[in-house]
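**Q** Sending over a structure as structure tokens; questions will come in a sec.
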Amino acid sequence: MTKYAVARTDEIKPGGRKIVELEGRSIGILNVDGEYFALLNQCPHAGAELCAYGTIFGKSTAAQPDAPITYERGRSIRCPWHAWEFDIRTGESWYDPQNAKVRKYDVEVFPGSPEDVTNPEEGLQKGPYVMEGFAVSIEDEVVVVDTSRRRPGTRRRQETAAPAVLQATETQLPAPAE
Ligand code: FES
């Protein structure tokens, strides 16, 4: 098991994303309406940077043609090269779930500062972030990505994020194509 503290929650605001390098792989952490997800930043079709440039959009379903339509925001990500679409929560392709899948990683949010939560002896490593040189409140929250292969899932422990104290690269998403 290896977990990496990759960002403070306020670095990746709803609709935002951050690309990090862990164990030689580029991984995208996405904040979808306050929930965090992590996917390999590589499309299984031809290798486009799916998380960095993909479009996040929703999904409509209905039991039958004349049934009411249910819409779920922020459910899918569309590849920027050839428009393959994947479920953000599972990494599966909507059209070919058995053969086209993006590696997904578990994400947790821990209370505390990055310095508080990292503990190499317990497998919790310091991730790629840059701290500014001033004090951090204990109300901070840290986004942690688990690179081990285990059960799928994502969890958000607390609702409120502390003020930004990090220098980080964040890309705001374009308005969802709904
Ligand atoms: S590289 Fe992603 S759909 Fe072709």
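Residue numbers start at 1 in each chain; chains themselves are named A, B, ... in the order of the structure tokens; ligands are numbered from 1 in the order shown.
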Write out as a list of chain:residue names each polymer residue (protein, DNA or RNA) that has an atom no more than 8 Å from ligand 1, with only C-alpha atoms and all ligand atoms counted.
**A**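 Sorted by chain and then by number, the residues are A:Gln42, A:Cys43, A:Pro44, A:His45, A:Ala46, A:Gly47, A:Ala48, A:Glu49, A:Leu50, A:Arg78, A:Cys79, A:Pro80, A:Trp81, A:His82, A:Ala83, A:Trp84, A:Glu85.
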**Q** Name the residues of segment 11-154 of chain A that come out as helix (DSSP H, G or I) in a backbone DSSP run; write them as a list in words.
**A**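 So, restricting segment 11-154 of chain A to helix (DSSP H, G or I), we get Glu11, Leu50, Cys51, Ala52, Tyr53, Pro114, Glu115, Asp116, Val117, Pro120, Glu121 and Glu122 of chain A.
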**Q** For Leu39 of chain A, work out the shell of residues within 12 Å, counting only C-alpha atoms and skipping chain neighbours fewer than 2 positions away, then give it as a PDB file with C-alpha atoms, in the first residue's frame.
**A**
ATOM      1  CA  ARG A  17      -8.235  19.370 -11.688  1.00  0.00           C
ATOM      2  CA  LYS A  18      -4.602  18.770 -10.844  1.00  0.00           C
ATOM      3  CA  ILE A  19      -2.129  16.560 -12.675  1.00  0.00           C
ATOM      4  CA  VAL A  20       0.563  14.898 -10.543  1.00  0.00           C
ATOM      5  CA  GLU A  21       3.383  12.451 -11.191  1.00  0.00           C
ATOM      6  CA  LEU A  22       3.355   9.377  -8.910  1.00  0.00           C
ATOM      7  CA  ARG A  25       2.815   7.811 -13.939  1.00  0.00           C
ATOM      8  CA  SER A  26       0.846  10.938 -14.713  1.00  0.00           C
ATOM      9  CA  ILE A  27      -2.369  10.929 -12.666  1.00  0.00           C
ATOM     10  CA  GLY A  28      -5.231  13.417 -12.805  1.00  0.00           C
ATOM     11  CA  ILE A  29      -7.157  14.353  -9.658  1.00  0.00           C
ATOM     12  CA  LEU A  30     -10.581  15.762 -10.520  1.00  0.00           C
ATOM     13  CA  ASN A  31     -12.950  17.642  -8.239  1.00  0.00           C
ATOM     14  CA  TYR A  36     -12.505  13.860  -5.691  1.00  0.00           C
ATOM     15  CA  PHE A  37     -11.577  11.224  -8.276  1.00  0.00           C
ATOM     16  CA  ASN A  41      -3.879  10.662 -17.296  1.00  0.00           C
ATOM     17  CA  GLN A  42      -3.686   8.479 -20.381  1.00  0.00           C
ATOM     18  CA  CYS A  43      -6.462   7.424 -22.714  1.00  0.00           C
ATOM     19  CA  PRO A  44      -6.414   3.651 -23.396  1.00  0.00           C
ATOM     20  CA  GLU A  49      -3.823  13.164 -21.836  1.00  0.00           C
ATOM     21  CA  LEU A  50      -7.361  12.329 -20.831  1.00  0.00           C
ATOM     22  CA  CYS A  51      -7.460  14.070 -17.437  1.00  0.00           C
ATOM     23  CA  ALA A  52      -5.518  17.170 -18.434  1.00  0.00           C
ATOM     24  CA  GLY A  54     -10.725  15.819 -21.369  1.00  0.00           C
ATOM     25  CA  SER A  76     -18.250  11.234 -17.648  1.00  0.00           C
ATOM     26  CA  ILE A  77     -15.014  12.414 -19.185  1.00  0.00           C
ATOM     27  CA  PHE A  86     -15.341   7.084 -19.748  1.00  0.00           C
ATOM     28  CA  ASP A  87     -17.141   6.884 -16.412  1.00  0.00           C
ATOM     29  CA  ILE A  88     -15.153   9.089 -14.021  1.00  0.00           C
ATOM     30  CA  ARG A  89     -16.102   6.897 -11.051  1.00  0.00           C
ATOM     31  CA  THR A  90     -14.958   3.577 -12.507  1.00  0.00           C
ATOM     32  CA  GLY A  91     -12.709   4.427 -15.471  1.00  0.00           C
ATOM     33  CA  GLU A  92     -14.828   2.171 -17.693  1.00  0.00           C
ATOM     34  CA  LYS A 101     -10.721   1.057 -19.154  1.00  0.00           C
ATOM     35  CA  VAL A 102      -8.744   3.882 -17.585  1.00  0.00           C
ATOM     36  CA  ARG A 103      -6.874   2.959 -14.405  1.00  0.00           C
ATOM     37  CA  LYS A 104      -8.603   4.547 -11.435  1.00  0.00           C
ATOM     38  CA  TYR A 105      -7.144   5.236  -7.997  1.00  0.00           C
ATOM     39  CA  ASP A 106      -8.788   5.516  -4.604  1.00  0.00           C
ATOM     40  CA  VAL A 107      -8.917   9.034  -3.196  1.00  0.00           C
ATOM     41  CA  VAL A 145      -4.230   9.177  -3.599  1.00  0.00           C
ATOM     42  CA  ASP A 146      -3.743   5.453  -3.042  1.00  0.00           C
ATOM     43  CA  THR A 147      -1.672   3.849  -5.815  1.00  0.00           C
ATOM     44  CA  PRO A 152     -12.649   0.954  -6.003  1.00  0.00           C
ATOM     45  CA  GLY A 153     -14.057   3.894  -4.089  1.00  0.00           C
ATOM     46  CA  THR A 154     -13.730   7.535  -3.175  1.00  0.00           C
TER      47      THR A 154
END
**Q** When you count only C-alpha atoms, which of these residues is closest to Val109 of chain A: A:Asp66, A:Glu122, A:Asp10, A:Glu141?
**A**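 When distances to Val109 of chain A are compared using only C-alpha atoms, the smallest one comes from A:Glu141.
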**Q** Mind pulling up the distance from atom CA of Pro14 of chain A to atom CA of Lys59 of chain A?
**A**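 Here the two named atoms are 18.1 Å from each other.
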**Q** Rounded to one decimal in Å, what is the spacing between atom CA of Ile69 of chain A and atom CA of Trp94 of chain A?
**A**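 If I compute the distance from atom CA of Ile69 of chain A to atom CA of Trp94 of chain A, I get 17.6 Å.
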**Q** Could you name the residues that touch Ala5 of chain A at 12 Å or less, counting only C-alpha atoms, but leaving out those on the same chain fewer than 2 positions away, as a ChimeraX atom specification?
**A** /A:2-3,7-9,20-22,29,107-120,123-130,141-147
**Q** So which bits of segment 14-58 of chain A end up strand (DSSP E) when you DSSP the backbone, as a list in words?
**A**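 Of segment 14-58 of chain A, the ones in strand (DSSP E) are Gly16, Arg17, Lys18, Ile19, Val20, Glu21, Leu22, Arg25, Ser26, Ile27, Gly28, Ile29, Leu30, Asn31, Val32, Glu35, Tyr36, Phe37, Ala38, Leu39, Leu40, Thr55, Ile56, Phe57 and Gly58 of chain A.
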**Q** Looking at only C-alpha atoms, which of A:Val6, A:Ala63, A:Glu11, A:Asp33 is the one that sits closest to Arg75 of chain A?
**A**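 Among the listed residues, the smallest separation from Arg75 of chain A belongs to A:Asp33.
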**Q** Mind pulling up the distance from atom CA of Leu40 of chain A to atom CA of Ile12 of chain A?
**A** 16.9 Å
